[in-house]
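See below for the structure under consideration.
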Amino acid sequence: MLSALLYALVALTGIVHGFTLRTWDQAYALANATVANLTMTEKVGLLSGVGQFNSRCVGNTTPVSRLGIPAICFQDGPAGIRLVKNVTGFPAGINVAATFSRRLMQARGQAMAEEFRAKGVHVLLGPAMDLMRNPKAGRAWESFGPDPYLNGEGAFSTITGIQSVGVQACAKHLVSNNQEHWRYGLSALVDDRTMHEMYFYPFLRAIDAGVTSIMCAYNQLNGTSSCHNAGLLGPTGLVHSTGFQGYVVSDWGATHDSASDNANAGLDMEQPGDNIVIGGGAFGEGGSGLASAVNSGSVTTARINQMVSRVLAGYYRLGQDTGYPAVNFDAQHSDGSGSLNLGVNVRSAAHTALVREIGGASAVLLKNNRTTTTGAASGVTVRGLPIAAARIKTMAVIGQDAILPNLSCNDLNECNDGTMSIGWGSGSNSLQFIVPPITAIQQFVGTSATIATSLTNDLSAGPAAAKGKDVAIVFVNAMSGELGAYDTVVGNMGDRNDLDLWWKGGSLVEAVAAVCNNTIAVIHSVGPVSVSWSDHPNITGIIYAGAPGEQTGPAIVDVLYGAVNPSGRLPFSIDEDEASYGTTIVYNSLGFPVVNYTEQLLIDYRYMDAKGITPHYEFGFGLSYTTFAYSGLKITSTGSGTSSAVVVTFTVANSGAFAGTEIPQMYLAYPASAGEPKRILRGFDEVKLAVGTTATVTMNLAAREISIWNVATQAWVRPAGTFTVSIGASINDVRLTGTF
Ligand code: BGC
């Protein structure tokens, strides 16, 4: 009882966070006034990390105690706090993308930031918004999939949520950071239109959201290091010419040139401050390199003042100068030991519930061959989903992916020996409170059924447990992560080697299906996987559950047993053949390769559309336990050119037997002369409907969303001609069409 009360109290204090949001002008006025009071040593201390092993957070600046400016604390990552105890493990970016819910994207951003704030972190190192250029890209699960619009909306909503509680977001990684192999120095060759419409597009939305910081990437863009790239970071470079007001911080060790090269190109801060083998240390330990560059005149005083002003502007804009919690952890001791780890619990019942909600809302129902007692949808389930608990007397839970993962793996979570709730690397999060599927199922089922288990991927034991059971649930997975120190995880060096399920997961599902005519497969995967077995008649249900975070067990129980009607949609296409995706990962190279983005605008569904490839499961696909009917499309188009505005409305009705949420999507076909892919995503919504009810959906298209990037005029331009609007439940399940 006492501990429950204490828990509630700590949770409450963790989410009380009033602050005054200042305008950029107000923030800059304060920042400039502070800069005028700083010594050169203090300035360089604010522009450079204190060193990888000296930081209490994953990155810190030097405090200016006489002015009350703390060591600014930078901490991973995009799915919750890493290296720290008593925090929540949130769902991965790819899962919140699969919800197609701006509400949940924003709520997740806010909830994460509440925890970062309560731990004293000033800058949350996320969101990641690197497009999934290739389905095997190691870190793609940290972001929101291959579609630039979905990534942009994910970034916008996440940043809005994070910064709503006074925590700075850090949009990363600028730019074209799309594979792990050779990431520390490869050069992405990307043309201007592709850059604007694809890889930079999510950053545009981050800037729209007022993001205070951007992280430049390890890799080069068109032959120049991202952190030393005036075309990206300079006064007329991409970020500042599109209205960015904050500062650019290097990825950890991503400075490959001299202090003056980087500072003059537009880099404002270097982290973690020293050379960490892969690079770094340009601004020098304690900023010494930068200080001598200023002394020698190779970096002007005006520029260094601008750098510090930008850094402080983010801090003042979000009111971090008043009442901000002090750092109460020590990332150098991820086991929670040491006198600097104060053990503050920032978890809350609300955050746990949100993680569970997103876990359910991101589960994508790929297949459901449901039969019922009456033959009608309103009957009780006999086979398929949702499972009718009352009818099931014997069941089997199978697969290593159902069990608790290794909780003492390593700081990067480079293990896949239990359930996969998050990938590995700096984007990983805390597994301390994970509830694995087997635990949640046993708790839910209680004594209502006997549960046989085979919690390895043994191809004999699995079917033996499943034989003759009323239902068998098979958990399988695939994982990937960050390259880090060139580590491999089961032979995968960040990027996956192939699209196969790990540990012979596909064979396990098939072996179980051979003996049980009600086999349900649950896939925990960082991205697309081969599901060549999906048509097996004994496989009555398939759920793609992604990387759902710590409440993975309760969330999947909600979906399996129908407390949650699935509404997740694939944020990528699934096909067995990697050739269907239009890109490759460059694995082998003699030295850092040039990766040529010759596919331009055509990745994932855009490539498949262009080549007439119908994937196994298309982008935006996901079934529900109910059915929805669409009608009444109306399109109103006003203005022209940059003042264009298009409003699209239609009606969705729940025409089935269960309450549920539909995710209507809007795809646009541009006039042929525009040279755009055949259809591109330009709208989505979540519509919660009780049985028999209807709702009107409104989607707005702003001028930029019906424009292309014109390389000649360097502007977003609306192409002349007719646009076709397709509204549907996936890219290939079109229900309404119209034009404007
Ligand atoms: C990653 C970043 C991360 C940083 C700090 C880098 O290796 O690329 O995403 O924020 O480390 O841990």
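Within each chain, counting starts at residue 1; across the structure tokens, chains are named A, B, ... in the order shown, with ligands numbered 1 upward in that order.
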Could you please extract the residues within 10 Å of ligand 1, counting only C-alpha atoms and all ligand atoms, and hand them back as a VMD selection string? chain A and resid 52 57 to 59 74 to 78 82 124 to 128 139 142 170 to 173 177 180 183 to 184 215 to 218 250 to 254 271 to 272 278 412 425 to 427 482 to 485
Those of region 175-218 of chain A in DSSP strand (DSSP E), formatted as a VMD selection string: chain A and resid 187 to 189 213 to 216
Atom-to-atom span, CA of Pro554 (chain A) and CA of Ala440 (chain A), Å: 5.3 Å
Kindly indicate which residue among A:Ala29, A:Ala361, A:Val277, A:Ala389 lies nearest to Leu570 (chain A), using only C-alpha atoms for the distances.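 Under the stated criterion, the closest residue is A:Ala361.
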Have a look at A:Ala545, A:Leu736, A:Ala155, A:Ala263 and name the one nearest to His524 (chain A); count only C-alpha atoms. A:Ala545
Give me every helix (DSSP H, G or I) residue in region 363-585 of chain A, going by DSSP on the backbone, as an NGL selection string. :A and (400-402 or 437-445 or 461-466 or 502-513 or 552-560 or 578-581)
Write out as a ChimeraX atom specification the residues lying within 7 Å of Ala472 (chain A), counting only C-alpha atoms and excluding same-chain residues fewer than 3 positions away. /A:395-397,466,469,516,518-520
Restricting the calculation to only C-alpha atoms, which member of A:Asp268, A:Asp411, A:Asp401, A:Glu662 is positioned closest to Lys43 (chain A)?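 Comparing A:Asp268, A:Asp411, A:Asp401, A:Glu662 against Lys43 (chain A), the winner is A:Asp268.
The shortest atom-to-atom distance to Arg679 (chain A), with only C-alpha atoms taken into account, belongs to A:Met608 out of A:Val346, A:Ala376, A:Val165, A:Met608.
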A:Thr661, A:Gln245, A:Thr453, A:Ser288 ranked by distance to Val471 (chain A), top pick (using only C-alpha atoms): A:Thr453
Just want the 10 Å neighbourhood of Ala720 (chain A), counted on only C-alpha atoms, with same-chain residues fewer than 6 positions away dropped. Output as a list in words.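 Listing them by chain and then by number gives Ser640, Gly641, Tyr670, Pro671, Ala672, Ser673, Ala674 and Ser707 of chain A.
Rounded to one decimal, CA of Tyr28 (chain A) and CA of Asn305 (chain A) lie 11.6 Å from each other.
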Which of these, A:Val652, A:Ala563, A:Ala645, A:Val697, has the shortest distance to Arg718 (chain A) once you count only C-alpha atoms?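 The answer is A:Ala645, which sits nearest to Arg718 (chain A).
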As a check of understanding: the span from CA of Gly319 (chain A) to CA of Thr20 (chain A) is 5.6 Å
Quick one: residues within 9 Å of Glu599 (chain A), only C-alpha atoms counted, chain neighbours fewer than 5 positions away excluded, as a PyMOL selection string? chain A and resi 582-583+607
